[in-house]
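File shown here: protein_26.cif, holding mmCIF, C-alpha atoms.
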data_final
loop_
_atom_site.group_PDB
_atom_site.id
_atom_site.type_symbol
_atom_site.label_atom_id
_atom_site.label_comp_id
_atom_site.auth_asym_id
_atom_site.auth_seq_id
_atom_site.Cartn_x
_atom_site.Cartn_y
_atom_site.Cartn_z
ATOM 1 C CA MET Z 1 11.085 10.606 23.608
ATOM 2 C CA SER Z 2 9.864 8.327 20.824
ATOM 3 C CA TRP Z 3 7.737 5.216 21.114
ATOM 4 C CA THR Z 4 8.862 1.936 19.585
ATOM 5 C CA THR Z 5 6.791 -0.862 18.063
ATOM 6 C CA ILE Z 6 6.039 -3.935 20.154
ATOM 7 C CA GLU Z 7 4.987 -7.457 19.267
ATOM 8 C CA SER Z 8 1.345 -8.493 19.308
ATOM 9 C CA ASP Z 9 1.834 -11.403 21.681
ATOM 10 C CA PRO Z 10 -0.311 -12.418 24.679
ATOM 11 C CA GLY Z 11 2.728 -12.954 26.896
ATOM 12 C CA VAL Z 12 4.163 -9.548 25.982
ATOM 13 C CA PHE Z 13 0.864 -7.763 26.595
ATOM 14 C CA THR Z 14 0.343 -9.554 29.926
ATOM 15 C CA ALA Z 15 3.838 -8.562 31.084
ATOM 16 C CA LEU Z 16 3.220 -5.003 29.874
ATOM 17 C CA VAL Z 17 0.086 -4.494 31.964
ATOM 18 C CA GLU Z 18 1.901 -6.008 34.947
ATOM 19 C CA GLN Z 19 4.502 -3.268 34.531
ATOM 20 C CA PHE Z 20 1.665 -0.752 34.608
ATOM 21 C CA GLY Z 21 0.803 -2.247 38.004
ATOM 22 C CA THR Z 22 -2.423 -3.894 36.865
ATOM 23 C CA THR Z 23 -3.109 -7.304 38.392
ATOM 24 C CA GLY Z 24 -5.613 -10.104 37.897
ATOM 25 C CA VAL Z 25 -5.740 -10.079 34.084
ATOM 26 C CA GLU Z 26 -3.953 -11.752 31.219
ATOM 27 C CA PHE Z 27 -4.141 -11.863 27.432
ATOM 28 C CA GLU Z 28 -5.136 -14.922 25.436
ATOM 29 C CA GLU Z 29 -4.883 -15.340 21.682
ATOM 30 C CA LEU Z 30 -8.074 -16.417 19.955
ATOM 31 C CA TRP Z 31 -7.195 -18.921 17.247
ATOM 32 C CA SER Z 32 -10.817 -19.063 16.138
ATOM 33 C CA LEU Z 33 -13.707 -16.657 16.677
ATOM 34 C CA ASP Z 34 -15.946 -19.696 16.933
ATOM 35 C CA VAL Z 35 -14.465 -20.510 20.353
ATOM 36 C CA LEU Z 36 -14.759 -17.558 22.735
ATOM 37 C CA PRO Z 37 -13.655 -17.450 26.386
ATOM 38 C CA PRO Z 38 -16.310 -17.735 29.119
ATOM 39 C CA GLN Z 39 -15.372 -14.266 30.386
ATOM 40 C CA SER Z 40 -13.582 -11.392 28.666
ATOM 41 C CA TYR Z 41 -13.043 -7.729 29.486
ATOM 42 C CA GLY Z 42 -12.364 -6.827 25.864
ATOM 43 C CA PHE Z 43 -10.709 -7.729 22.574
ATOM 44 C CA ILE Z 44 -7.597 -6.330 20.895
ATOM 45 C CA PHE Z 45 -7.669 -6.702 17.106
ATOM 46 C CA LEU Z 46 -4.524 -6.368 14.985
ATOM 47 C CA PHE Z 47 -4.917 -6.030 11.231
ATOM 48 C CA LYS Z 48 -2.989 -4.783 8.234
ATOM 49 C CA TYR Z 49 -3.898 -1.163 7.704
ATOM 50 C CA THR Z 50 -4.749 -0.104 4.157
ATOM 51 C CA SER Z 51 -6.663 2.882 2.862
ATOM 52 C CA ALA Z 52 -8.898 0.556 0.862
ATOM 53 C CA GLY Z 53 -9.684 -1.488 3.955
ATOM 54 C CA THR Z 54 -10.885 1.568 5.857
ATOM 55 C CA LYS Z 55 -12.917 3.337 3.146
ATOM 56 C CA SER Z 56 -16.072 1.496 4.138
ATOM 57 C CA ASP Z 57 -15.770 3.146 7.563
ATOM 58 C CA ASP Z 58 -16.136 6.613 6.029
ATOM 59 C CA GLY Z 59 -19.199 8.400 7.297
ATOM 60 C CA GLU Z 60 -19.661 5.916 10.126
ATOM 61 C CA ALA Z 61 -21.274 7.588 13.103
ATOM 62 C CA VAL Z 62 -19.244 7.903 16.275
ATOM 63 C CA VAL Z 63 -20.699 8.647 19.696
ATOM 64 C CA HIS Z 64 -19.395 10.787 22.514
ATOM 65 C CA ASP Z 65 -20.480 8.944 25.632
ATOM 66 C CA PRO Z 66 -18.798 10.310 28.793
ATOM 67 C CA ASP Z 67 -18.893 6.835 30.309
ATOM 68 C CA VAL Z 68 -16.620 5.466 27.569
ATOM 69 C CA TRP Z 69 -12.922 6.205 27.991
ATOM 70 C CA PHE Z 70 -11.622 6.938 24.506
ATOM 71 C CA ALA Z 71 -8.412 8.579 23.259
ATOM 72 C CA LYS Z 72 -7.433 9.703 19.795
ATOM 73 C CA GLN Z 73 -4.071 8.436 18.667
ATOM 74 C CA THR Z 74 -1.625 11.315 18.459
ATOM 75 C CA VAL Z 75 1.626 9.394 19.019
ATOM 76 C CA GLN Z 76 3.352 7.188 16.465
ATOM 77 C CA ASN Z 77 3.726 3.502 17.396
ATOM 78 C CA ALA Z 78 1.530 3.804 20.494
ATOM 79 C CA CYS Z 79 -1.547 2.078 19.040
ATOM 80 C CA ALA Z 80 -0.928 -1.256 20.792
ATOM 81 C CA THR Z 81 -0.717 0.308 24.244
ATOM 82 C CA GLN Z 82 -3.575 2.671 23.416
ATOM 83 C CA ALA Z 83 -5.823 -0.281 22.533
ATOM 84 C CA ILE Z 84 -4.829 -2.029 25.770
ATOM 85 C CA LEU Z 85 -5.670 1.092 27.773
ATOM 86 C CA GLY Z 86 -9.018 1.258 25.974
ATOM 87 C CA VAL Z 87 -9.912 -2.129 27.427
ATOM 88 C CA LEU Z 88 -8.441 -1.693 30.907
ATOM 89 C CA LEU Z 89 -9.817 1.795 31.569
ATOM 90 C CA ASN Z 90 -13.333 0.792 30.467
ATOM 91 C CA SER Z 91 -13.503 -2.389 32.553
ATOM 92 C CA GLU Z 92 -15.236 -2.653 35.909
ATOM 93 C CA GLY Z 93 -13.684 -4.287 38.937
ATOM 94 C CA LEU Z 94 -10.069 -4.431 37.761
ATOM 95 C CA SER Z 95 -7.094 -3.737 40.019
ATOM 96 C CA LEU Z 96 -5.557 -1.123 37.730
ATOM 97 C CA GLY Z 97 -2.741 -0.140 40.069
ATOM 98 C CA SER Z 98 -1.726 3.389 41.039
ATOM 99 C CA THR Z 99 -0.228 4.344 37.654
ATOM 100 C CA LEU Z 100 -3.397 3.688 35.659
ATOM 101 C CA GLU Z 101 -5.767 4.791 38.421
ATOM 102 C CA GLU Z 102 -4.032 8.174 38.517
ATOM 103 C CA PHE Z 103 -3.906 8.348 34.735
ATOM 104 C CA LYS Z 104 -7.621 7.565 34.414
ATOM 105 C CA SER Z 105 -8.475 10.190 37.030
ATOM 106 C CA PHE Z 106 -6.249 12.810 35.395
ATOM 107 C CA THR Z 107 -7.618 12.228 31.876
ATOM 108 C CA GLY Z 108 -11.256 11.719 32.849
ATOM 109 C CA GLY Z 109 -12.327 15.260 31.999
ATOM 110 C CA LEU Z 110 -10.110 15.715 28.944
ATOM 111 C CA PRO Z 111 -11.238 15.572 25.294
ATOM 112 C CA ALA Z 112 -10.136 12.594 23.216
ATOM 113 C CA ASP Z 113 -7.207 14.348 21.517
ATOM 114 C CA MET Z 114 -5.792 15.552 24.840
ATOM 115 C CA ARG Z 115 -6.096 12.031 26.230
ATOM 116 C CA GLY Z 116 -3.972 10.866 23.319
ATOM 117 C CA GLU Z 117 -1.387 13.521 24.140
ATOM 118 C CA ALA Z 118 -1.475 12.471 27.790
ATOM 119 C CA ILE Z 119 -0.594 8.899 26.788
ATOM 120 C CA GLY Z 120 2.417 10.184 24.895
ATOM 121 C CA GLN Z 121 3.516 12.340 27.832
ATOM 122 C CA SER Z 122 3.199 9.602 30.465
ATOM 123 C CA GLU Z 123 6.735 8.538 31.308
ATOM 124 C CA GLN Z 124 5.598 5.442 33.200
ATOM 125 C CA ILE Z 125 3.404 4.176 30.359
ATOM 126 C CA ARG Z 126 5.971 4.996 27.658
ATOM 127 C CA THR Z 127 8.834 3.372 29.569
ATOM 128 C CA ALA Z 128 6.831 0.197 30.130
ATOM 129 C CA HIS Z 129 5.819 0.112 26.449
ATOM 130 C CA ASN Z 130 9.355 0.667 25.147
ATOM 131 C CA SER Z 131 10.778 -2.066 27.377
ATOM 132 C CA PHE Z 132 9.142 -4.619 25.038
ATOM 133 C CA THR Z 133 10.749 -3.421 21.808
ATOM 134 C CA VAL Z 134 11.570 -6.231 19.402
ATOM 135 C CA PRO Z 135 14.090 -6.183 16.526
ATOM 136 C CA ASN Z 136 12.691 -5.796 13.003
ATOM 137 C CA PRO Z 137 9.037 -5.491 14.070
ATOM 138 C CA PHE Z 138 6.118 -4.898 11.760
ATOM 139 C CA VAL Z 139 5.703 -1.267 10.821
ATOM 140 C CA SER Z 140 2.826 -0.029 12.972
ATOM 141 C CA ASP Z 141 2.828 3.652 12.178
ATOM 142 C CA GLU Z 142 -0.549 3.613 10.497
ATOM 143 C CA LYS Z 143 -0.456 7.337 9.784
ATOM 144 C CA LYS Z 144 1.893 6.842 6.845
ATOM 145 C CA ALA Z 145 1.522 4.742 3.748
ATOM 146 C CA ALA Z 146 3.566 1.579 3.506
ATOM 147 C CA LYS Z 147 6.683 1.938 1.374
ATOM 148 C CA ASP Z 148 8.940 -0.608 -0.280
ATOM 149 C CA GLY Z 149 6.633 -3.468 0.632
ATOM 150 C CA ASP Z 150 6.417 -2.627 4.346
ATOM 151 C CA ASP Z 151 3.388 -3.999 6.162
ATOM 152 C CA VAL Z 152 1.568 -1.349 8.172
ATOM 153 C CA PHE Z 153 -0.448 -2.631 11.124
ATOM 154 C CA HIS Z 154 -3.001 -1.114 13.460
ATOM 155 C CA PHE Z 155 -4.580 -2.127 16.784
ATOM 156 C CA ILE Z 156 -8.140 -1.386 17.846
ATOM 157 C CA ALA Z 157 -10.154 -2.439 20.889
ATOM 158 C CA TYR Z 158 -13.657 -3.785 21.477
ATOM 159 C CA VAL Z 159 -15.304 -3.326 24.874
ATOM 160 C CA PRO Z 160 -18.679 -3.583 26.607
ATOM 161 C CA VAL Z 161 -19.729 -0.483 28.565
ATOM 162 C CA ASN Z 162 -23.104 -0.061 30.287
ATOM 163 C CA GLY Z 163 -24.787 -2.735 28.219
ATOM 164 C CA LYS Z 164 -23.448 -1.445 24.904
ATOM 165 C CA VAL Z 165 -20.575 -2.676 22.714
ATOM 166 C CA TYR Z 166 -18.060 -0.207 21.323
ATOM 167 C CA GLU Z 167 -15.199 -0.248 18.850
ATOM 168 C CA LEU Z 168 -12.316 1.984 19.957
ATOM 169 C CA ASP Z 169 -10.133 3.059 17.046
ATOM 170 C CA GLY Z 170 -7.711 5.846 17.895
ATOM 171 C CA LEU Z 171 -7.687 7.042 14.285
ATOM 172 C CA LYS Z 172 -11.366 8.020 14.558
ATOM 173 C CA SER Z 173 -12.852 10.982 16.375
ATOM 174 C CA GLY Z 174 -14.683 8.850 18.922
ATOM 175 C CA PRO Z 175 -15.918 5.368 19.806
ATOM 176 C CA VAL Z 176 -18.213 3.550 17.380
ATOM 177 C CA LEU Z 177 -21.356 2.097 18.923
ATOM 178 C CA LEU Z 178 -21.839 -1.420 17.555
ATOM 179 C CA GLY Z 179 -25.054 -2.294 19.357
ATOM 180 C CA ASP Z 180 -26.567 -3.641 22.534
ATOM 181 C CA ALA Z 181 -24.721 -6.300 24.471
ATOM 182 C CA ALA Z 182 -27.815 -8.475 24.683
ATOM 183 C CA GLY Z 183 -26.703 -11.947 25.665
ATOM 184 C CA ASP Z 184 -22.944 -12.131 25.174
ATOM 185 C CA TRP Z 185 -21.254 -8.883 24.096
ATOM 186 C CA GLN Z 186 -18.490 -10.964 22.481
ATOM 187 C CA ASP Z 187 -20.892 -12.070 19.739
ATOM 188 C CA VAL Z 188 -21.447 -8.432 18.739
ATOM 189 C CA ALA Z 189 -17.698 -7.739 18.600
ATOM 190 C CA LYS Z 190 -17.124 -11.011 16.778
ATOM 191 C CA GLY Z 191 -19.488 -9.956 13.985
ATOM 192 C CA ARG Z 192 -17.664 -6.672 13.551
ATOM 193 C CA ILE Z 193 -14.232 -8.309 13.446
ATOM 194 C CA GLN Z 194 -15.410 -10.901 10.937
ATOM 195 C CA ALA Z 195 -16.804 -8.118 8.740
ATOM 196 C CA ARG Z 196 -13.439 -6.347 8.826
ATOM 197 C CA ILE Z 197 -11.572 -9.519 7.918
ATOM 198 C CA SER Z 198 -13.923 -10.209 5.001
ATOM 199 C CA ARG Z 199 -12.848 -6.955 3.329
ATOM 200 C CA TYR Z 200 -9.445 -8.388 2.571
ATOM 201 C CA ALA Z 201 -8.350 -10.890 -0.028
ATOM 202 C CA ALA Z 202 -8.730 -14.526 0.913
ATOM 203 C CA ALA Z 203 -4.951 -14.916 0.936
ATOM 204 C CA GLU Z 204 -4.519 -12.276 3.637
ATOM 205 C CA ILE Z 205 -3.806 -14.011 6.949
ATOM 206 C CA LYS Z 206 -2.147 -11.251 8.940
ATOM 207 C CA PHE Z 207 -4.800 -10.829 11.609
ATOM 208 C CA ASN Z 208 -4.545 -11.318 15.341
ATOM 209 C CA VAL Z 209 -7.257 -11.231 18.021
ATOM 210 C CA LEU Z 210 -6.363 -11.165 21.709
ATOM 211 C CA SER Z 211 -8.877 -11.421 24.525
ATOM 212 C CA VAL Z 212 -8.311 -9.748 27.891
ATOM 213 C CA ILE Z 213 -9.414 -12.306 30.454
ATOM 214 C CA PRO Z 214 -9.214 -12.844 34.223
ATOM 215 C CA SER Z 215 -5.822 -14.220 35.228
ATOM 216 C CA LYS Z 216 -5.951 -18.013 35.262
ATOM 217 C CA LEU Z 217 -3.247 -18.152 37.936
ATOM 218 C CA ALA Z 218 -5.083 -15.700 40.166
ATOM 219 C CA SER Z 219 -8.316 -17.650 39.703
ATOM 220 C CA LEU Z 220 -6.545 -20.893 40.625
ATOM 221 C CA GLU Z 221 -4.955 -19.352 43.702
ATOM 222 C CA SER Z 222 -8.344 -18.028 44.815
ATOM 223 C CA ALA Z 223 -9.886 -21.455 44.325
ATOM 224 C CA LEU Z 224 -7.133 -23.085 46.383
ATOM 225 C CA VAL Z 225 -7.631 -20.607 49.211
ATOM 226 C CA ALA Z 226 -11.375 -21.210 49.162
ATOM 227 C CA THR Z 227 -11.002 -25.015 49.145
ATOM 228 C CA PRO Z 228 -10.222 -26.667 52.506
ATOM 229 C CA ASP Z 229 -7.208 -28.982 52.477
ATOM 230 C CA ASP Z 230 -7.479 -32.721 52.980
ATOM 231 C CA ALA Z 231 -6.772 -32.531 56.683
ATOM 232 C CA ASP Z 232 -9.503 -30.000 57.293
ATOM 233 C CA SER Z 233 -11.969 -31.927 55.159
ATOM 234 C CA ARG Z 234 -11.472 -35.062 57.300
ATOM 235 C CA GLU Z 235 -12.260 -33.273 60.547
#

Just dump the structure as structure tokens.
Amino acid sequence: MSWTTIESDPGVFTALVEQFGTTGVEFEELWSLDVLPPQSYGFIFLFKYTSAGTKSDDGEAVVHDPDVWFAKQTVQNACATQAILGVLLNSEGLSLGSTLEEFKSFTGGLPADMRGEAIGQSEQIRTAHNSFTVPNPFVSDEKKAAKDGDDVFHFIAYVPVNGKVYELDGLKSGPVLLGDAAGDWQDVAKGRIQARISRYAAAEIKFNVLSVIPSKLASLESALVATPDDADSRE
């Protein structure tokens, strides 16, 4: 069964991970990289894919760290969900839910290309992904060249793992180590994203950065539970 393209929208991505069974997280669009959230599990970066824009990545060293969950993209139109999985499956302390917990366990010992195949063969993940199909979406099959003026888009993820910051691009053979997460890991990822954006013409505005953050509603509910009500506070 084929995969369809989905919209790069924080509400869509939040609803998608809820369908996976993951709780306690949401997606937030970053309108400016100068204002970063106080806590983030990872970034999802959407950009227009061009051969010229990726040439400077040629020869870039990738690492094969067993602690980093990485999958090569082998399925058309799955790059959005693959980037999301790259963040969720590399984050500590998340309530992934049974679907993703089982998927992470099953794919843990597989090579990157087989992990990509496993994404494509997962009925639960594919069904959830396809439920958010939108009419006339951007072309996101980055394995083919754009034709007749089509815009071709690609999603990649940025995550901190064991004190290091990695770029997860399913079109590469493995994760790219960006550096140490000294201080705030987001600053390291921010520099990489800004460098990518600078490769394009000044008129190019088709970029999107989403941050995966703790659910604001869940945080509020926890705060309300932890705070005694007025009656109790008067006793």

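Between atom CA of Z:Trp31 and atom CA of Z:Val152 there is a distance of 21.6 Å.
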
- Task: Just the residues within 7 Å of Z:Leu177, please, counting all atoms listed in the file, with nothing from its chain fewer than 4 positions along; format it as an MDAnalysis selection string.
- Result: chainID Z and resid 62:63 165:167

- Message: Give me, as a PyMOL selection string, all polymer residues having an atom no more than 8 Å from Z:Phe27, counting all atoms listed in the file and skipping those fewer than 2 positions away in the same chain.
- Response: chain Z and resi 10-11+13-14+25+29+210-213

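The spacing separating atom CA of Z:Val75 from atom CA of Z:Gly120 amounts to 6.0 Å.
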
- Message: as a list of chain:residue names, please: the residues near stretch 93-105 of chain Z (cut-off 7 Å, only C-alpha atoms, same-chain neighbours under 3 positions excluded).
- Response: Z:Phe20, Z:Gly21, Z:Thr22, Z:Thr23, Z:Gly24, Z:Leu89, Z:Gly108

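Comparing the minimum interatomic distances between Z:His154 and each of Z:His64, Z:His129, Z:Lys206, Z:Lys190, counting all atoms listed in the file, we find that Z:Lys206 sits nearest.
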
- Residues picked by the PyMOL selection byres ((chain Z and resi 194) around 12) here, as a list in words? Ser32, Leu33, Asp34, Phe45, Phe47, Gln186, Asp187, Val188, Ala189, Lys190, Gly191, Arg192, Ile193, Ala195, Arg196, Ile197, Ser198, Arg199, Tyr200, Phe207, Asn208 and Val209 of chain Z

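Closest approach to Z:Thr133 from the set Z:Trp185, Z:Trp3, Z:Phe70, Z:Phe153 is made by Z:Trp3, with distances taken over only C-alpha atoms.
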
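Pairwise distance (atom CA of Z:Ala182, atom CA of Z:Ser40) equals 15.1 Å.
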
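Applied to this file, the PyMOL selection byres ((chain Z and resi 122-126) around 10) selects Z:Met1, Z:Ser2, Z:Trp3, Z:Thr4, Z:Leu16, Z:Val17, Z:Gln19, Z:Phe20, Z:Ala78, Z:Thr81, Z:Gln82, Z:Leu85, Z:Thr99, Z:Leu100, Z:Phe103, Z:Glu117, Z:Ala118, Z:Ile119, Z:Gly120, Z:Gln121, Z:Thr127, Z:Ala128, Z:His129, Z:Asn130, Z:Ser131.
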
- Message: Set the distance at 7 Å and use only C-alpha atoms: which residues neighbour Z:Ala71 once local chain neighbours fewer than 5 positions away are removed? I'd like the list as a PyMOL selection string.
- Response: chain Z and resi 112-113+115-116+170

- Note on the structure: Counting only C-alpha atoms, the residue among Z:Gly183, Z:Gly109, Z:Pro214, Z:Gly174 that lies closest to Z:Pro37 is Z:Pro214

- Which residue out of Z:Val87, Z:Val159, Z:Met114, Z:Cys79 has the minimum interatomic distance to Z:Ile6 when all atoms listed in the file are used? Z:Cys79

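Among the candidates Z:Tyr41, Z:Asp9, Z:Ser173, Z:Ala83, the residue lying nearest to Z:Pro160 is Z:Tyr41 (atoms considered: all atoms listed in the file).
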
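Shortest separation to Z:Ile84 among Z:Ile156, Z:Pro111, Z:Asp65, Z:Leu30 occurs at residue Z:Ile156, atoms counted being all atoms listed in the file.
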